[in-house]
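Undergrad: Supplied structure: final-v3.pdb, PDB, C-alpha atoms.
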```pdb
MODEL        1
ATOM      1  CA  MET U 764      77.082 103.169-107.344  1.00  0.00           C
ATOM      2  CA  LYS U 765      74.459 104.081-104.748  1.00  0.00           C
ATOM      3  CA  LEU U 766      74.758 102.385-101.366  1.00  0.00           C
ATOM      4  CA  ARG U 767      71.663 100.720 -99.972  1.00  0.00           C
ATOM      5  CA  THR U 768      72.481 100.939 -96.292  1.00  0.00           C
ATOM      6  CA  ALA U 769      69.147 101.499 -94.568  1.00  0.00           C
ATOM      7  CA  PRO U 770      67.825  98.011 -95.388  1.00  0.00           C
ATOM      8  CA  PHE U 771      71.101  96.553 -94.156  1.00  0.00           C
ATOM      9  CA  LEU U 772      70.838  98.341 -90.811  1.00  0.00           C
ATOM     10  CA  VAL U 773      67.196  97.352 -90.449  1.00  0.00           C
ATOM     11  CA  VAL U 774      68.125  93.709 -91.048  1.00  0.00           C
ATOM     12  CA  LEU U 775      71.005  94.108 -88.595  1.00  0.00           C
ATOM     13  CA  ALA U 776      68.659  95.578 -85.986  1.00  0.00           C
ATOM     14  CA  LEU U 777      66.120  92.794 -86.470  1.00  0.00           C
ATOM     15  CA  ALA U 778      68.817  90.140 -86.251  1.00  0.00           C
ATOM     16  CA  ALA U 779      70.175  91.769 -83.107  1.00  0.00           C
ATOM     17  CA  GLY U 780      66.973  90.891 -81.298  1.00  0.00           C
ATOM     18  CA  ARG U 781      67.711  87.203 -81.885  1.00  0.00           C
ATOM     19  CA  LEU U 782      71.295  87.180 -80.624  1.00  0.00           C
ATOM     20  CA  PRO U 783      72.543  86.809 -77.059  1.00  0.00           C
ATOM     21  CA  ALA U 784      73.171  90.128 -75.306  1.00  0.00           C
ATOM     22  CA  GLU U 785      76.946  89.773 -75.536  1.00  0.00           C
ATOM     23  CA  GLU U 786      76.762  89.741 -79.357  1.00  0.00           C
ATOM     24  CA  ARG U 787      74.124  92.421 -79.852  1.00  0.00           C
ATOM     25  CA  HIS U 788      76.105  95.550 -79.015  1.00  0.00           C
ATOM     26  CA  LEU U 789      77.082  97.979 -81.744  1.00  0.00           C
ATOM     27  CA  GLY U 790      80.543  98.535 -80.344  1.00  0.00           C
ATOM     28  CA  PRO U 791      82.710  97.756 -77.353  1.00  0.00           C
ATOM     29  CA  HIS U 792      81.333  98.423 -73.883  1.00  0.00           C
ATOM     30  CA  VAL U 793      83.337 101.452 -72.745  1.00  0.00           C
ATOM     31  CA  HIS U 794      82.101 103.496 -69.807  1.00  0.00           C
ATOM     32  CA  GLY U 795      81.737 107.145 -70.738  1.00  0.00           C
ATOM     33  CA  GLN U 796      81.327 106.343 -74.434  1.00  0.00           C
ATOM     34  CA  ALA U 797      78.253 105.654 -76.562  1.00  0.00           C
ATOM     35  CA  THR U 798      78.252 104.283 -80.106  1.00  0.00           C
ATOM     36  CA  LEU U 799      75.918 105.751 -82.701  1.00  0.00           C
ATOM     37  CA  GLN U 800      75.455 104.338 -86.201  1.00  0.00           C
ATOM     38  CA  VAL U 801      73.747 106.627 -88.701  1.00  0.00           C
ATOM     39  CA  SER U 802      72.599 105.466 -92.126  1.00  0.00           C
ATOM     40  CA  SER U 803      70.876 107.699 -94.666  1.00  0.00           C
ATOM     41  CA  ASP U 804      69.451 106.326 -97.905  1.00  0.00           C
ATOM     42  CA  GLY U 805      66.796 108.309 -99.755  1.00  0.00           C
ATOM     43  CA  PRO U 806      63.956 109.135 -97.364  1.00  0.00           C
ATOM     44  CA  ALA U 807      65.179 106.586 -94.781  1.00  0.00           C
ATOM     45  CA  LEU U 808      67.342 107.638 -91.847  1.00  0.00           C
ATOM     46  CA  VAL U 809      68.211 104.785 -89.497  1.00  0.00           C
ATOM     47  CA  VAL U 810      70.047 105.529 -86.264  1.00  0.00           C
ATOM     48  CA  ALA U 811      71.226 102.797 -83.880  1.00  0.00           C
ATOM     49  CA  LEU U 812      72.535 103.633 -80.413  1.00  0.00           C
ATOM     50  CA  SER U 813      74.383 101.587 -77.818  1.00  0.00           C
ATOM     51  CA  ILE U 814      75.071 103.216 -74.450  1.00  0.00           C
ATOM     52  CA  PRO U 815      76.505 101.565 -71.332  1.00  0.00           C
ATOM     53  CA  GLY U 816      74.011 101.269 -68.511  1.00  0.00           C
ATOM     54  CA  HIS U 817      76.406 102.980 -66.129  1.00  0.00           C
ATOM     55  CA  ASP U 818      76.354 106.135 -68.252  1.00  0.00           C
ATOM     56  CA  ALA U 819      72.572 106.116 -68.609  1.00  0.00           C
ATOM     57  CA  VAL U 820      71.484 105.245 -65.061  1.00  0.00           C
ATOM     58  CA  GLY U 821      74.610 105.053 -62.887  1.00  0.00           C
ATOM     59  CA  PHE U 822      74.568 101.282 -62.326  1.00  0.00           C
ATOM     60  CA  GLU U 823      74.768  97.986 -64.238  1.00  0.00           C
ATOM     61  CA  HIS U 824      72.626  95.502 -62.326  1.00  0.00           C
ATOM     62  CA  PRO U 825      68.944  94.917 -61.640  1.00  0.00           C
ATOM     63  CA  PRO U 826      67.493  97.904 -59.744  1.00  0.00           C
ATOM     64  CA  ALA U 827      67.894  97.407 -55.993  1.00  0.00           C
ATOM     65  CA  THR U 828      66.034 100.507 -54.814  1.00  0.00           C
ATOM     66  CA  THR U 829      63.015 102.563 -55.800  1.00  0.00           C
ATOM     67  CA  GLU U 830      65.369 105.323 -56.981  1.00  0.00           C
ATOM     68  CA  GLN U 831      67.221 102.905 -59.261  1.00  0.00           C
ATOM     69  CA  ALA U 832      63.947 101.577 -60.685  1.00  0.00           C
ATOM     70  CA  GLN U 833      62.857 105.157 -61.383  1.00  0.00           C
ATOM     71  CA  ALA U 834      66.205 105.975 -63.033  1.00  0.00           C
ATOM     72  CA  LEU U 835      65.879 102.891 -65.250  1.00  0.00           C
ATOM     73  CA  ALA U 836      62.316 103.812 -66.259  1.00  0.00           C
ATOM     74  CA  LYS U 837      63.351 107.413 -66.991  1.00  0.00           C
ATOM     75  CA  ALA U 838      66.299 106.298 -69.180  1.00  0.00           C
ATOM     76  CA  ARG U 839      64.068 103.879 -71.121  1.00  0.00           C
ATOM     77  CA  GLU U 840      61.519 106.632 -71.769  1.00  0.00           C
ATOM     78  CA  THR U 841      64.205 109.170 -72.771  1.00  0.00           C
ATOM     79  CA  LEU U 842      65.609 106.663 -75.253  1.00  0.00           C
ATOM     80  CA  ARG U 843      62.194 105.494 -76.498  1.00  0.00           C
ATOM     81  CA  VAL U 844      61.010 109.025 -77.320  1.00  0.00           C
ATOM     82  CA  GLY U 845      64.374 110.072 -78.804  1.00  0.00           C
ATOM     83  CA  LYS U 846      64.082 113.853 -78.364  1.00  0.00           C
ATOM     84  CA  TRP U 847      67.855 113.945 -77.910  1.00  0.00           C
ATOM     85  CA  LEU U 848      68.236 113.178 -81.638  1.00  0.00           C
ATOM     86  CA  VAL U 849      67.221 115.949 -84.063  1.00  0.00           C
ATOM     87  CA  PRO U 850      67.669 115.559 -87.831  1.00  0.00           C
ATOM     88  CA  ALA U 851      68.166 118.760 -89.866  1.00  0.00           C
ATOM     89  CA  GLY U 852      64.903 120.702 -89.673  1.00  0.00           C
ATOM     90  CA  GLY U 853      64.478 121.218 -93.391  1.00  0.00           C
ATOM     91  CA  ALA U 854      64.479 117.454 -94.014  1.00  0.00           C
ATOM     92  CA  ASN U 855      61.139 117.122 -92.175  1.00  0.00           C
ATOM     93  CA  CYS U 856      61.923 113.726 -90.618  1.00  0.00           C
ATOM     94  CA  THR U 857      59.526 111.784 -88.416  1.00  0.00           C
ATOM     95  CA  ALA U 858      59.886 108.520 -86.542  1.00  0.00           C
ATOM     96  CA  PRO U 859      57.703 106.349 -84.362  1.00  0.00           C
ATOM     97  CA  PRO U 860      58.913 105.763 -80.806  1.00  0.00           C
ATOM     98  CA  ALA U 861      61.904 103.437 -80.722  1.00  0.00           C
ATOM     99  CA  LYS U 862      62.106 100.004 -79.197  1.00  0.00           C
ATOM    100  CA  VAL U 863      64.563 100.076 -76.312  1.00  0.00           C
ATOM    101  CA  VAL U 864      66.443  96.937 -75.304  1.00  0.00           C
ATOM    102  CA  ALA U 865      67.900  97.189 -71.805  1.00  0.00           C
ATOM    103  CA  ASP U 866      70.316  94.279 -71.355  1.00  0.00           C
ATOM    104  CA  GLY U 867      71.642  93.334 -67.924  1.00  0.00           C
ATOM    105  CA  PHE U 868      68.972  94.988 -65.783  1.00  0.00           C
ATOM    106  CA  ASP U 869      66.615  92.050 -65.260  1.00  0.00           C
ATOM    107  CA  VAL U 870      66.653  89.607 -62.350  1.00  0.00           C
ATOM    108  CA  ASN U 871      68.453  87.006 -64.505  1.00  0.00           C
ATOM    109  CA  ALA U 872      71.419  89.303 -65.174  1.00  0.00           C
ATOM    110  CA  LYS U 873      74.831  87.815 -64.501  1.00  0.00           C
ATOM    111  CA  PRO U 874      76.300  89.362 -61.309  1.00  0.00           C
ATOM    112  CA  GLY U 875      79.205  91.658 -62.123  1.00  0.00           C
ATOM    113  CA  GLY U 876      78.269  91.718 -65.821  1.00  0.00           C
ATOM    114  CA  HIS U 877      77.777  94.707 -68.058  1.00  0.00           C
ATOM    115  CA  ALA U 878      74.454  96.329 -68.831  1.00  0.00           C
ATOM    116  CA  ASP U 879      73.627  98.336 -71.934  1.00  0.00           C
ATOM    117  CA  PHE U 880      70.818 100.071 -73.723  1.00  0.00           C
ATOM    118  CA  ASP U 881      70.467  99.329 -77.443  1.00  0.00           C
ATOM    119  CA  VAL U 882      68.007 101.428 -79.446  1.00  0.00           C
ATOM    120  CA  THR U 883      67.095 101.795 -83.125  1.00  0.00           C
ATOM    121  CA  TYR U 884      65.271 104.781 -84.606  1.00  0.00           C
ATOM    122  CA  GLU U 885      63.771 104.588 -88.101  1.00  0.00           C
ATOM    123  CA  PHE U 886      63.022 108.035 -89.506  1.00  0.00           C
ATOM    124  CA  THR U 887      61.247 108.849 -92.743  1.00  0.00           C
ATOM    125  CA  CYS U 888      62.288 112.198 -94.210  1.00  0.00           C
ATOM    126  CA  ALA U 889      59.961 114.131 -96.532  1.00  0.00           C
ATOM    127  CA  ALA U 890      62.875 116.197 -97.928  1.00  0.00           C
ATOM    128  CA  PRO U 891      65.895 113.869 -97.736  1.00  0.00           C
ATOM    129  CA  GLU U 892      67.957 116.186 -99.964  1.00  0.00           C
ATOM    130  CA  LYS U 893      68.032 118.597 -96.997  1.00  0.00           C
ATOM    131  CA  LEU U 894      69.248 115.965 -94.540  1.00  0.00           C
ATOM    132  CA  ASP U 895      72.824 117.168 -94.145  1.00  0.00           C
ATOM    133  CA  ALA U 896      73.230 116.893 -90.366  1.00  0.00           C
ATOM    134  CA  VAL U 897      71.802 115.655 -87.075  1.00  0.00           C
ATOM    135  CA  GLU U 898      72.055 117.158 -83.620  1.00  0.00           C
ATOM    136  CA  VAL U 899      72.929 114.650 -80.906  1.00  0.00           C
ATOM    137  CA  GLY U 900      71.854 115.772 -77.431  1.00  0.00           C
ATOM    138  CA  LEU U 901      73.072 112.705 -75.552  1.00  0.00           C
ATOM    139  CA  PHE U 902      75.354 114.722 -73.259  1.00  0.00           C
ATOM    140  CA  ALA U 903      72.407 116.718 -71.926  1.00  0.00           C
ATOM    141  CA  ALA U 904      70.218 113.616 -71.624  1.00  0.00           C
ATOM    142  CA  PHE U 905      72.927 111.520 -69.922  1.00  0.00           C
ATOM    143  CA  PRO U 906      75.417 113.728 -68.028  1.00  0.00           C
ATOM    144  CA  ALA U 907      77.832 110.857 -67.211  1.00  0.00           C
ATOM    145  CA  LEU U 908      78.503 110.355 -70.924  1.00  0.00           C
ATOM    146  CA  GLN U 909      81.797 111.853 -72.159  1.00  0.00           C
ATOM    147  CA  ARG U 910      82.113 110.742 -75.797  1.00  0.00           C
ATOM    148  CA  VAL U 911      79.947 109.569 -78.672  1.00  0.00           C
ATOM    149  CA  VAL U 912      81.553 107.683 -81.559  1.00  0.00           C
ATOM    150  CA  VAL U 913      79.394 108.190 -84.665  1.00  0.00           C
ATOM    151  CA  ASP U 914      79.714 105.896 -87.686  1.00  0.00           C
ATOM    152  CA  ILE U 915      77.994 107.388 -90.744  1.00  0.00           C
ATOM    153  CA  VAL U 916      76.998 105.688 -93.997  1.00  0.00           C
ATOM    154  CA  THR U 917      75.341 107.674 -96.795  1.00  0.00           C
ATOM    155  CA  ALA U 918      75.166 107.453-100.580  1.00  0.00           C
ATOM    156  CA  ASN U 919      78.407 109.491-100.570  1.00  0.00           C
ATOM    157  CA  GLY U 920      80.349 106.923 -98.558  1.00  0.00           C
ATOM    158  CA  ALA U 921      81.237 106.083 -94.986  1.00  0.00           C
ATOM    159  CA  THR U 922      82.923 108.195 -92.340  1.00  0.00           C
ATOM    160  CA  GLN U 923      83.291 108.507 -88.602  1.00  0.00           C
ATOM    161  CA  GLN U 924      83.001 111.485 -86.268  1.00  0.00           C
ATOM    162  CA  VAL U 925      83.744 111.629 -82.577  1.00  0.00           C
ATOM    163  CA  LEU U 926      81.748 113.949 -80.363  1.00  0.00           C
ATOM    164  CA  ASP U 927      83.406 115.009 -77.126  1.00  0.00           C
ATOM    165  CA  ARG U 928      81.618 117.235 -74.617  1.00  0.00           C
ATOM    166  CA  PRO U 929      80.039 119.666 -75.442  1.00  0.00           C
ATOM    167  CA  MET U 930      79.884 118.858 -79.198  1.00  0.00           C
ATOM    168  CA  THR U 931      76.458 117.918 -80.598  1.00  0.00           C
ATOM    169  CA  HIS U 932      76.621 118.464 -84.386  1.00  0.00           C
ATOM    170  CA  VAL U 933      77.108 115.552 -86.771  1.00  0.00           C
ATOM    171  CA  THR U 934      77.608 116.333 -90.453  1.00  0.00           C
ATOM    172  CA  LEU U 935      76.179 113.680 -92.756  1.00  0.00           C
ATOM    173  CA  SER U 936      77.766 114.850 -95.991  1.00  0.00           C
ATOM    174  CA  PRO U 937      81.543 114.630 -96.408  1.00  0.00           C
TER     175      PRO U 937
ENDMDL
END
```
Take the structure from the file and write it as structure tokens.

TA:
Amino acid sequence: MKLRTAPFLVVLALAAGRLPAEERHLGPHVHGQATLQVSSDGPALVVALSIPGHDAVGFEHPPATTEQAQALAKARETLRVGKWLVPAGGANCTAPPAKVVADGFDVNAKPGGHADFDVTYEFTCAAPEKLDAVEVGLFAAFPALQRVVVDIVTANGATQQVLDRPMTHVTLSP
């Protein structure tokens, strides 16, 4: 039986935009830890990321200074472009820039609440049979990050890998 996971994650990502911020996150809010969900199905590679605001920009409130506003803009751009995420070269995957949702950084944010970045990347791979791994450069992009929990779903099943500094390699095939 072949799993059809990419459509599920796309539906999940679309539904996430309609839910309150507290329900949208991919995993628990743990400082120092990001959650990455990777789904590969045929030519589709869908990757969803949730990273605490503290790990991405050093604070979890609306920017109070010019430096904080610049840090927030830089993190959004880093996440939007997604150069920290590199599918196996032979798979020839491309993706449009991602939509970045930054919860908890606007003027209506609840004081003392959490802030997160939630991002979804939708790659199309010309040679999906060669998509056996992805390189995750989150530690270089966000130095405060210590761990990335990666949930993987492919036609071969589901698994989880944990990346601790300085690990970057995620194997997609069991």

Undergrad: Could you work out how far CA of Val870 in chain U lies from CA of Thr829 in chain U, giving the answer in Å with one decimal?

TA: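 So the answer is 15.0 Å.
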
Undergrad: Can you work out the spacing between CA of His817 in chain U and CA of Leu935 in chain U in Å, to one decimal?

TA: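 It comes out at 28.7 Å.
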
Undergrad: With distances taken over all atoms listed in the file, which of U:Val849, U:Ala861, U:Ala807, U:Ala836 is nearest to Gly900 in chain U?

TA: U:Val849

Undergrad: Tell me which of U:Lys873, U:Arg928, U:Arg910, U:Lys893 sits closest to Pro850 in chain U, counting only C-alpha atoms.

TA: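 Selected residue with least distance to Pro850 in chain U: U:Lys893.
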
Undergrad: Using the chain letters and numbering of this document, enumerate as number ranges by chain the residues selected by the PyMOL selection byres ((chain U and resi 917-927) around 9).

TA: U: 764-768, 801-805, 899, 902, 909-916, 928-937

Undergrad: Could you list, as a list in words, every residue within 10 Å of Thr857 in chain U, counting all atoms listed in the file and ignoring same-chain residues fewer than 4 positions away?

TA: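 Selected residues are Ala807, Leu808, Val849, Pro850, Tyr884, Glu885, Phe886, Thr887, Cys888 and Ala889 of chain U.
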
Undergrad: Please write out, as lines of an AutoDock Vina configuration file, where the centre of an axis-aligned box around all listed atoms of range 811-814 of chain U lies and how long its edges are, in Å to one decimal, after adding 5 Å on each side.

TA:
```
center_x = 73.1
center_y = 102.6
center_z = -79.2
size_x = 13.8
size_y = 12.0
size_z = 19.4
```

Undergrad: Pull out every residue that the PyMOL selection byres ((chain U and resi 819-822) around 9) matches in the shown coordinates and put them as JSON, numbers by chain.

TA: {"U": [814, 815, 816, 817, 818, 823, 824, 825, 826, 831, 834, 835, 837, 838, 878, 879, 880, 904, 905, 906, 907, 908]}

Undergrad: Convert the output of the PyMOL selection byres ((chain U and resi 881) around 6) on the shown file into explicit residues, formatted as a list of chain:residue names.

TA: U:Leu812, U:Ser813, U:Val864, U:Phe880, U:Val882

Undergrad: Looking at all atoms listed in the file, which of U:Leu894, U:Pro860, U:Ala872, U:Thr798 is the one that sits closest to Lys846 in chain U?

TA: U:Pro860

Undergrad: So the first atom is CA of Asn871 in chain U and the second is CA of Gln796 in chain U; what is the distance between them in Å, to one decimal place?

TA: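 Distance between the two atoms: 25.3 Å.
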